[in-house]
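File shown: final36.cif (mmCIF, C-alpha atoms).
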```cif
data_coords
#
loop_
_atom_site.label_atom_id
_atom_site.label_comp_id
_atom_site.auth_asym_id
_atom_site.auth_seq_id
_atom_site.Cartn_x
_atom_site.Cartn_y
_atom_site.Cartn_z
CA MET A 14 110.14 90.21 72.63
CA SER A 15 112.02 93.45 73.05
CA ILE A 16 115.06 93.58 75.23
CA VAL A 17 115.45 96.69 77.30
CA ALA A 18 118.82 97.36 78.88
CA ASP A 19 117.42 97.63 82.41
CA SER A 20 115.23 94.54 82.22
CA PRO A 21 117.02 92.01 80.03
CA ALA A 22 115.69 88.56 79.33
CA THR A 23 117.37 87.01 82.34
CA GLY A 24 116.30 89.81 84.66
CA ILE A 25 119.88 90.30 85.88
CA PRO A 26 120.30 94.08 85.94
CA SER A 27 123.00 95.75 83.85
CA GLY A 28 126.36 96.27 85.38
CA THR A 29 129.13 94.29 87.01
CA TRP A 30 128.28 92.46 90.19
CA SER A 31 130.96 91.17 92.49
CA ILE A 32 130.13 87.88 94.22
CA ASP A 33 130.33 88.25 97.99
CA PRO A 34 131.73 85.03 99.47
CA VAL A 35 130.50 85.92 102.94
CA TRP A 36 126.88 86.15 101.84
CA SER A 37 127.13 83.35 99.31
CA VAL A 38 127.15 79.59 99.76
CA LEU A 39 129.07 77.25 97.53
CA GLU A 40 128.56 73.62 98.39
CA PHE A 41 128.66 70.14 96.96
CA GLU A 42 126.80 66.96 97.76
CA ILE A 43 127.73 63.33 97.24
CA LYS A 44 125.55 60.39 98.19
CA LYS A 45 127.83 58.13 100.21
CA LEU A 46 127.04 54.42 100.08
CA GLY A 47 123.91 55.39 98.14
CA LEU A 48 122.38 56.20 101.51
CA VAL A 49 123.53 59.47 102.95
CA THR A 50 124.04 62.82 101.28
CA LEU A 51 127.30 64.23 102.52
CA LYS A 52 127.94 67.96 102.12
CA GLY A 53 131.05 69.97 101.60
CA ARG A 54 131.43 73.74 101.66
CA VAL A 55 133.83 76.06 99.95
CA PRO A 56 134.22 79.36 101.77
CA GLY A 57 137.10 80.66 99.63
CA PHE A 58 136.00 81.86 96.22
CA SER A 59 135.53 84.98 94.17
CA GLY A 60 133.61 85.76 91.05
CA THR A 61 131.82 88.23 88.90
CA ILE A 62 128.35 88.38 87.45
CA GLN A 63 127.76 90.54 84.44
CA GLY A 64 124.17 91.67 83.97
CA GLY A 65 122.38 93.26 81.07
CA GLU A 66 121.96 92.00 77.54
CA THR A 67 124.93 89.63 77.47
CA PRO A 68 125.03 88.26 80.99
CA SER A 69 127.89 86.11 82.22
CA ILE A 70 129.02 84.43 85.39
CA SER A 71 132.59 83.51 86.20
CA GLY A 72 134.47 82.60 89.30
CA ALA A 73 137.48 80.94 90.87
CA VAL A 74 137.56 78.69 93.90
CA ASP A 75 140.44 78.32 96.33
CA VAL A 76 140.59 74.52 96.52
CA THR A 77 142.54 74.63 99.78
CA THR A 78 139.46 76.00 101.55
CA ILE A 79 137.21 73.05 100.65
CA THR A 80 135.86 71.47 103.80
CA THR A 81 133.63 68.52 104.60
CA PHE A 82 133.74 69.39 108.31
CA ASP A 83 136.09 66.58 109.27
CA GLU A 84 139.81 67.24 109.51
CA THR A 85 140.83 63.70 108.64
CA ARG A 86 138.55 63.50 105.62
CA ASP A 87 139.52 67.00 104.48
CA GLY A 88 143.17 65.98 104.52
CA HIS A 89 142.30 63.21 102.08
CA VAL A 90 140.02 65.43 99.97
CA GLN A 91 142.87 67.96 99.53
CA ALA A 92 145.39 65.22 98.75
CA PRO A 93 146.42 63.86 95.33
CA ASP A 94 143.78 61.08 95.60
CA PHE A 95 141.15 63.80 95.10
CA PHE A 96 141.73 67.53 94.44
CA ASP A 97 145.53 67.53 94.64
CA ALA A 98 145.28 71.04 96.06
CA ASP A 99 149.02 71.53 96.28
CA ARG A 100 149.39 71.15 92.53
CA TYR A 101 145.99 72.50 91.47
CA PRO A 102 145.06 75.11 94.06
CA GLU A 103 142.31 76.71 91.98
CA LEU A 104 139.24 75.55 90.13
CA ARG A 105 137.37 77.84 87.78
CA PHE A 106 134.01 78.30 86.17
CA GLU A 107 133.36 80.42 83.11
CA SER A 108 129.95 80.80 81.52
CA ALA A 109 129.46 80.72 77.78
CA ALA A 110 125.75 81.57 77.82
CA VAL A 111 123.37 82.74 80.53
CA GLU A 112 119.71 82.74 79.56
CA SER A 113 116.19 82.41 80.84
CA ARG A 114 114.08 79.46 79.81
CA GLY A 115 110.65 80.00 81.26
CA ASP A 116 111.13 80.67 84.95
CA GLU A 117 114.51 78.99 84.95
CA LEU A 118 117.92 80.60 84.66
CA VAL A 119 120.22 78.33 82.64
CA VAL A 120 123.96 78.85 82.75
CA ASP A 121 125.99 77.00 80.17
CA GLY A 122 129.67 77.06 80.87
CA GLU A 123 132.91 75.31 81.50
CA LEU A 124 134.31 74.01 84.74
CA THR A 125 138.04 73.50 85.17
CA ILE A 126 139.34 71.19 87.87
CA LYS A 127 142.92 69.87 87.94
CA ASN A 128 143.55 71.52 84.55
CA VAL A 129 140.70 69.50 82.97
CA THR A 130 137.98 71.63 81.41
CA LYS A 131 134.53 70.15 80.83
CA PRO A 132 131.12 71.62 80.02
CA LEU A 133 128.84 72.26 82.97
CA VAL A 134 125.20 73.33 82.87
CA LEU A 135 123.86 75.04 85.97
CA LYS A 136 120.16 75.66 86.37
CA GLY A 137 118.27 77.69 88.88
CA THR A 138 116.77 81.09 89.35
CA TYR A 139 117.66 84.71 89.30
CA VAL A 140 116.02 85.56 92.60
CA GLY A 141 116.02 89.34 92.37
CA THR A 142 117.55 92.51 93.71
CA GLY A 143 117.65 94.18 97.09
CA VAL A 144 119.41 96.88 99.05
CA ASP A 145 121.41 95.62 102.03
CA PRO A 146 121.64 97.44 105.41
CA TYR A 147 124.80 99.19 104.22
CA GLY A 148 123.02 100.67 101.24
CA ASN A 149 124.61 98.37 98.64
CA ASP A 150 122.64 97.04 95.69
CA ARG A 151 122.65 93.28 95.72
CA ILE A 152 121.38 90.51 93.51
CA GLY A 153 120.71 86.89 94.33
CA ILE A 154 121.12 83.89 92.03
CA GLU A 155 120.67 80.26 93.03
CA LEU A 156 122.08 77.51 90.79
CA THR A 157 122.50 73.76 90.83
CA GLY A 158 124.37 71.37 88.55
CA THR A 159 125.81 67.88 88.47
CA VAL A 160 129.30 66.78 87.52
CA ASP A 161 130.95 63.42 87.08
CA ARG A 162 133.99 63.75 89.33
CA THR A 163 135.91 61.13 87.37
CA ASP A 164 135.83 63.45 84.33
CA PHE A 165 138.26 65.63 86.28
CA GLY A 166 140.51 62.85 87.56
CA LEU A 167 138.92 62.65 91.02
CA GLU A 168 138.69 58.91 90.86
CA TRP A 169 139.32 57.61 94.37
CA ASN A 170 136.88 55.03 95.63
CA ALA A 171 136.61 52.11 98.01
CA PRO A 172 135.00 48.78 97.10
CA LEU A 173 132.14 47.54 99.25
CA PRO A 174 131.94 44.02 100.69
CA GLY A 175 128.66 43.37 98.87
CA GLY A 176 129.93 44.75 95.55
CA GLY A 177 129.86 48.27 94.22
CA PHE A 178 131.69 51.28 95.57
CA LEU A 179 131.51 53.69 98.48
CA LEU A 180 131.27 56.87 96.42
CA PRO A 181 129.20 57.58 93.32
CA ASN A 182 130.74 59.51 90.46
CA GLU A 183 127.98 62.13 90.46
CA VAL A 184 128.51 65.19 92.61
CA VAL A 185 125.83 67.86 92.92
CA LEU A 186 127.07 71.43 92.97
CA LYS A 187 125.03 74.22 94.55
CA ALA A 188 125.77 77.90 94.33
CA ASN A 189 123.70 80.46 96.19
CA LEU A 190 125.27 83.64 94.97
CA ALA A 191 124.88 87.06 96.49
CA ALA A 192 126.61 89.77 94.53
CA VAL A 193 127.22 93.45 95.16
CA LYS A 194 127.15 96.05 92.40
CA SER A 195 130.71 97.04 91.67
CA ALA A 196 130.35 98.96 88.39
CA MET B 13 166.65 65.22 93.72
CA LYS B 14 166.84 63.61 97.12
CA VAL B 15 164.94 60.35 97.65
CA LEU B 16 164.59 58.64 101.00
CA ALA B 17 164.22 54.87 100.65
CA ILE B 18 162.37 53.08 103.45
CA SER B 19 162.35 49.32 103.69
CA GLY B 20 159.44 47.74 105.54
CA SER B 21 161.59 44.91 106.83
CA LEU B 22 163.86 44.87 109.89
CA ARG B 23 165.64 41.63 109.01
CA ALA B 24 169.39 42.12 108.58
CA GLY B 25 169.44 40.05 105.39
CA SER B 26 166.16 41.50 104.11
CA TYR B 27 165.58 41.25 100.36
CA ASN B 28 163.55 44.42 100.52
CA THR B 29 166.35 46.37 102.19
CA ALA B 30 168.64 44.86 99.55
CA LEU B 31 166.27 46.18 96.89
CA ALA B 32 166.36 49.66 98.46
CA ARG B 33 170.18 49.54 98.49
CA ALA B 34 170.30 48.29 94.91
CA ALA B 35 168.04 51.21 93.93
CA SER B 36 170.42 53.67 95.59
CA GLU B 37 173.31 52.16 93.60
CA LEU B 38 171.67 52.31 90.19
CA ALA B 39 169.84 55.60 90.62
CA PRO B 40 170.09 57.76 87.51
CA ASP B 41 172.22 60.92 87.59
CA GLY B 42 170.65 63.70 89.55
CA ILE B 43 168.93 61.38 92.02
CA GLU B 44 170.48 60.67 95.35
CA ILE B 45 168.81 57.81 97.24
CA GLU B 46 169.51 57.46 100.95
CA VAL B 47 168.41 54.28 102.65
CA TYR B 48 166.70 54.91 105.98
CA ASP B 49 167.67 52.42 108.65
CA GLY B 50 165.83 53.64 111.73
CA LEU B 51 162.56 51.74 111.33
CA GLY B 52 163.34 49.35 114.19
CA LEU B 53 163.68 52.27 116.61
CA ILE B 54 160.20 53.70 116.00
CA PRO B 55 158.00 53.01 119.04
CA HIS B 56 154.46 51.70 118.76
CA TYR B 57 152.16 54.47 117.66
CA ASP B 58 150.32 55.93 120.64
CA GLU B 59 148.25 59.08 120.25
CA ASP B 60 149.05 59.96 123.87
CA LEU B 61 152.69 60.31 122.80
CA ASP B 62 151.76 62.24 119.68
CA GLN B 63 150.66 65.49 121.30
CA GLU B 64 151.91 69.08 121.21
CA ASN B 65 152.85 69.02 124.90
CA VAL B 66 154.66 65.66 124.76
CA GLU B 67 158.18 65.40 123.44
CA THR B 68 158.14 63.48 120.16
CA PRO B 69 160.16 60.27 120.45
CA ALA B 70 163.57 61.03 118.93
CA PRO B 71 163.45 58.31 116.23
CA VAL B 72 160.05 59.64 115.11
CA ALA B 73 161.32 63.22 115.00
CA GLU B 74 164.28 61.97 112.96
CA LEU B 75 162.03 60.14 110.48
CA ARG B 76 159.75 63.17 110.12
CA ARG B 77 162.74 65.42 109.51
CA ARG B 78 164.19 63.09 106.90
CA ILE B 79 160.85 62.83 105.09
CA ASP B 80 160.60 66.63 105.13
CA GLU B 81 164.08 66.92 103.66
CA ALA B 82 163.43 64.38 100.92
CA ASP B 83 161.92 65.42 97.58
CA ALA B 84 160.38 61.97 97.21
CA LEU B 85 160.23 58.56 98.88
CA LEU B 86 160.80 55.02 97.73
CA ILE B 87 158.98 52.60 100.03
CA VAL B 88 159.82 48.95 99.68
CA THR B 89 157.62 46.40 101.36
CA PRO B 90 157.65 42.69 102.06
CA GLU B 91 154.31 40.90 102.08
CA TYR B 92 153.14 39.45 105.38
CA ASN B 93 149.76 37.71 105.38
CA GLY B 94 148.84 39.34 102.13
CA SER B 95 149.63 42.92 103.15
CA THR B 96 152.38 45.30 104.12
CA THR B 97 154.27 44.91 107.39
CA GLY B 98 153.21 46.08 110.83
CA VAL B 99 156.44 48.01 111.41
CA LEU B 100 155.98 49.94 108.18
CA LYS B 101 152.33 50.73 108.82
CA ASN B 102 153.28 51.84 112.34
CA ALA B 103 155.87 54.27 110.97
CA ILE B 104 153.37 55.59 108.39
CA ASP B 105 150.91 56.22 111.21
CA TRP B 106 153.53 58.29 113.07
CA VAL B 107 154.13 60.51 110.05
CA SER B 108 150.52 60.98 109.03
CA ALA B 109 148.39 61.48 112.16
CA ARG B 110 145.79 64.03 111.14
CA HIS B 111 145.72 66.06 114.33
CA ARG B 112 149.44 66.79 113.84
CA GLY B 113 149.36 67.14 110.06
CA SER B 114 150.74 64.62 107.61
CA TRP B 115 154.40 64.57 106.65
CA LEU B 116 153.28 62.52 103.69
CA ARG B 117 150.82 65.10 102.35
CA ASN B 118 151.76 65.76 98.73
CA LYS B 119 154.96 63.77 99.12
CA THR B 120 155.63 61.80 95.97
CA VAL B 121 156.21 58.13 96.67
CA ALA B 122 157.19 55.14 94.57
CA ILE B 123 156.44 51.71 95.94
CA ALA B 124 158.14 48.39 95.40
CA GLY B 125 158.21 44.98 97.02
CA ALA B 126 160.27 41.82 97.04
CA THR B 127 159.21 38.30 97.98
CA THR B 128 160.67 34.85 97.64
CA GLY B 129 157.42 33.78 95.97
CA GLU B 130 156.25 34.40 92.45
CA TYR B 131 154.24 37.56 92.93
CA GLY B 132 156.62 40.17 94.32
CA ALA B 133 154.41 41.54 97.10
CA ILE B 134 151.70 42.83 94.79
CA TRP B 135 149.02 42.61 97.49
CA ALA B 136 151.27 44.43 99.94
CA GLN B 137 151.89 47.11 97.31
CA GLN B 138 148.16 47.47 96.64
CA ASP B 139 147.52 48.04 100.34
CA LEU B 140 150.50 50.34 100.68
CA ARG B 141 149.24 52.46 97.77
CA ARG B 142 145.84 52.81 99.43
CA ILE B 143 147.33 53.63 102.84
CA LEU B 144 149.73 56.22 101.44
CA GLY B 145 146.99 57.80 99.34
CA ILE B 146 144.75 58.25 102.34
CA ALA B 147 147.71 59.66 104.26
CA GLY B 148 147.88 62.33 101.53
CA ALA B 149 150.80 61.11 99.46
CA ARG B 150 151.08 61.24 95.69
CA VAL B 151 151.80 57.63 94.85
CA ALA B 152 153.48 57.31 91.48
CA ALA B 153 151.78 54.97 89.03
CA GLY B 154 153.04 51.43 88.74
CA ASP B 155 154.15 48.82 91.23
CA PHE B 156 157.55 47.19 91.25
CA PRO B 157 157.19 43.51 92.10
CA LEU B 158 160.45 41.61 92.59
CA PRO B 159 159.57 37.89 92.77
CA ARG B 160 162.03 35.09 93.64
CA ALA B 161 164.14 37.57 95.54
CA TYR B 162 166.57 34.89 96.73
CA GLU B 163 168.08 34.78 93.23
CA ALA B 164 167.67 38.44 92.36
CA PHE B 165 170.93 39.81 93.76
CA ASP B 166 174.55 39.11 92.97
CA GLU B 167 177.34 38.92 95.57
CA SER B 168 177.87 42.68 95.52
CA GLY B 169 174.19 43.23 96.34
CA ALA B 170 173.35 44.57 92.87
CA LEU B 171 170.42 43.22 90.87
CA ALA B 172 171.70 40.19 89.00
CA SER B 173 169.45 40.61 85.99
CA PRO B 174 170.19 43.60 83.73
CA LEU B 175 166.55 43.48 82.66
CA VAL B 176 165.29 43.83 86.24
CA ALA B 177 167.85 46.56 86.90
CA GLU B 178 166.56 48.45 83.87
CA ARG B 179 162.99 47.99 85.05
CA LEU B 180 163.96 49.51 88.41
CA ARG B 181 165.67 52.44 86.67
CA ILE B 182 162.46 53.07 84.72
CA HIS B 183 160.47 52.85 87.96
CA LEU B 184 162.76 55.46 89.55
CA ALA B 185 162.55 57.65 86.46
CA ALA B 186 158.75 57.58 86.80
CA LEU B 187 159.11 58.68 90.42
CA VAL B 188 161.34 61.56 89.39
CA HIS B 189 158.94 62.55 86.63
CA GLU B 190 156.02 62.54 89.07
CA ALA B 191 157.90 64.46 91.78
CA ALA B 192 159.73 66.89 89.54
CA PRO B 193 157.08 69.62 89.17
CA LEU B 194 157.14 70.15 92.92
CA THR B 195 160.91 70.21 93.24
CA VAL B 196 162.77 73.46 92.94
CA THR B 197 166.23 72.91 91.57
CA ALA B 198 168.92 75.41 92.39
#
```
Encoding of this model in structure tokens:
Amino acid sequence: MSIVADSPATGIPSGTWSIDPVWSVLEFEIKKLGLVTLKGRVPGFSGTIQGGETPSISGAVDVTTITTFDETRDGHVQAPDFFDADRYPELRFESAAVESRGDELVVDGELTIKNVTKPLVLKGTYVGTGVDPYGNDRIGIELTGTVDRTDFGLEWNAPLPGGGFLLPNEVVLKANLAAVKSA
Amino acid sequence: MKVLAISGSLRAGSYNTALARAASELAPDGIEIEVYDGLGLIPHYDEDLDQENVETPAPVAELRRRIDEADALLIVTPEYNGSTTGVLKNAIDWVSARHRGSWLRNKTVAIAGATTGEYGAIWAQQDLRRILGIAGARVAAGDFPLPRAYEAFDESGALASPLVAERLRIHLAALVHEAAPLTVTA
């Protein structure tokens, strides 16, 4: 298969694309009590997508903006029991490889939370390109991955009366990324 | 480093208050431990009194100020009915109500407990750790159980056993180590 600069294997067009946090959605899901999927959102983040023949995706998240839409719970989520936002105000993702496998976009990279770096594989789709009402070129990428929160020292839990624990270790991450061409 | 020690007991001859005082006496160089003695003045927590437009009860304002001024806390708890004391929990509630922010958020805390029994308030310390964590504190690893407290102190109020005293010094050193990265020294 030949790779042409303007239509590389992943489909992500050449150039540098700046992730727009206002148009993008970064969220996480955790199945509380094994019954209910609770969602959190992260409005504060920035990142860059590099298109072309050697695509990459990287970004940084302002941990202090993480919200689960409940002030009391958010206080605990930001606290040392979980993210310890005061000491570790940023988490980062850096891709090592971005490639297409069939219809799927696979992003192999490393996630750093609380100074602990672990591999993370995100899978999803490169959705395509479009021109927004302001005349900017945009791309859309939607990705999902799963992390074990205890790998990063987010170990808080509460035992249940019937055995087991309130929170699972698995947390699903979802990134719907809209990026604007910046170079 | 300034540490505020809070004893969860109001009793004049409290072993826990004695433990807090003993800690202040043997604190390593560079740590100044003040023992808070206003716990008995804190009113019952009432969210109606904990509002922007209501004057904060003076003892509560004082406790909040002293927690703010401290680099870290040492909280010493008796064990009543297998947990920490009501007066201590009440004070924690005053300094951690979410709608007013938490004075305990990111505050490094060491916990300890004395009992006349054999276990040194380990259940109380487990509960205290959980409560403080949810209130947003950074609770330093390790409990400090002081069992058989009636024989733990000498006439001067110091810990009678050099071994126990050393264990307490190590416990305080761990607190300092945990709190240090957030403390700016002049």
May I ask you to extract the residues of chain B within 9 Å of chain A, using all atoms listed in the file, and to give them as a list of chain:residue names? B:Ala109, B:Arg110, B:His111, B:Gly113, B:Ser114, B:Arg117, B:Asn118, B:Gly145, B:Ile146, B:Ala147, B:Gly148, B:Ala149, B:Arg150, B:Val151, B:Pro193, B:Leu194
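Residues with any atom within 12 Å of A:Asp150, counting only C-alpha atoms and excluding same-chain neighbours fewer than 4 positions away, are A:Pro26, A:Ser27, A:Gly28, A:Thr29, A:Trp30, A:Ser31, A:Ile32, A:Asp33, A:Gly141, A:Thr142, A:Gly143, A:Val144, A:Asp145, A:Pro146, A:Ala191, A:Ala192, A:Val193, A:Lys194, A:Ser195, A:Ala196.
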Next, write the just-selected residues to a file, as a tab-separated table (two decimals), in the coordinates of the input, keeping C-alpha atoms as the atom set.
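result_27.tsv, freshly written:
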```
chain	number	residue	atom	x	y	z
A	26	PRO	CA	120.30	94.08	85.94
A	27	SER	CA	123.00	95.75	83.85
A	28	GLY	CA	126.36	96.27	85.38
A	29	THR	CA	129.13	94.29	87.01
A	30	TRP	CA	128.28	92.46	90.19
A	31	SER	CA	130.96	91.17	92.49
A	32	ILE	CA	130.13	87.88	94.22
A	33	ASP	CA	130.33	88.25	97.99
A	141	GLY	CA	116.02	89.34	92.37
A	142	THR	CA	117.55	92.51	93.71
A	143	GLY	CA	117.65	94.18	97.09
A	144	VAL	CA	119.41	96.88	99.05
A	145	ASP	CA	121.41	95.62	102.03
A	146	PRO	CA	121.64	97.44	105.41
A	191	ALA	CA	124.88	87.06	96.49
A	192	ALA	CA	126.61	89.77	94.53
A	193	VAL	CA	127.22	93.45	95.16
A	194	LYS	CA	127.15	96.05	92.40
A	195	SER	CA	130.71	97.04	91.67
A	196	ALA	CA	130.35	98.96	88.39
```
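Straight-line separation from atom CA of A:Ser59 to atom CA of A:Glu168: 26.5 Å.
The space separating atom CA of B:Tyr162 from atom CA of B:Leu180 comes to 17.0 Å.
Take atom CA of B:Trp106 and atom CA of B:Glu64: the distance between them is 13.6 Å.
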Name the residues captured by the PyMOL selection byres ((chain A and resi 107-120) around 6) when it is applied to the shown file; answer as a ChimeraX atom specification. /A:23,68-71,106,121-123,134-138
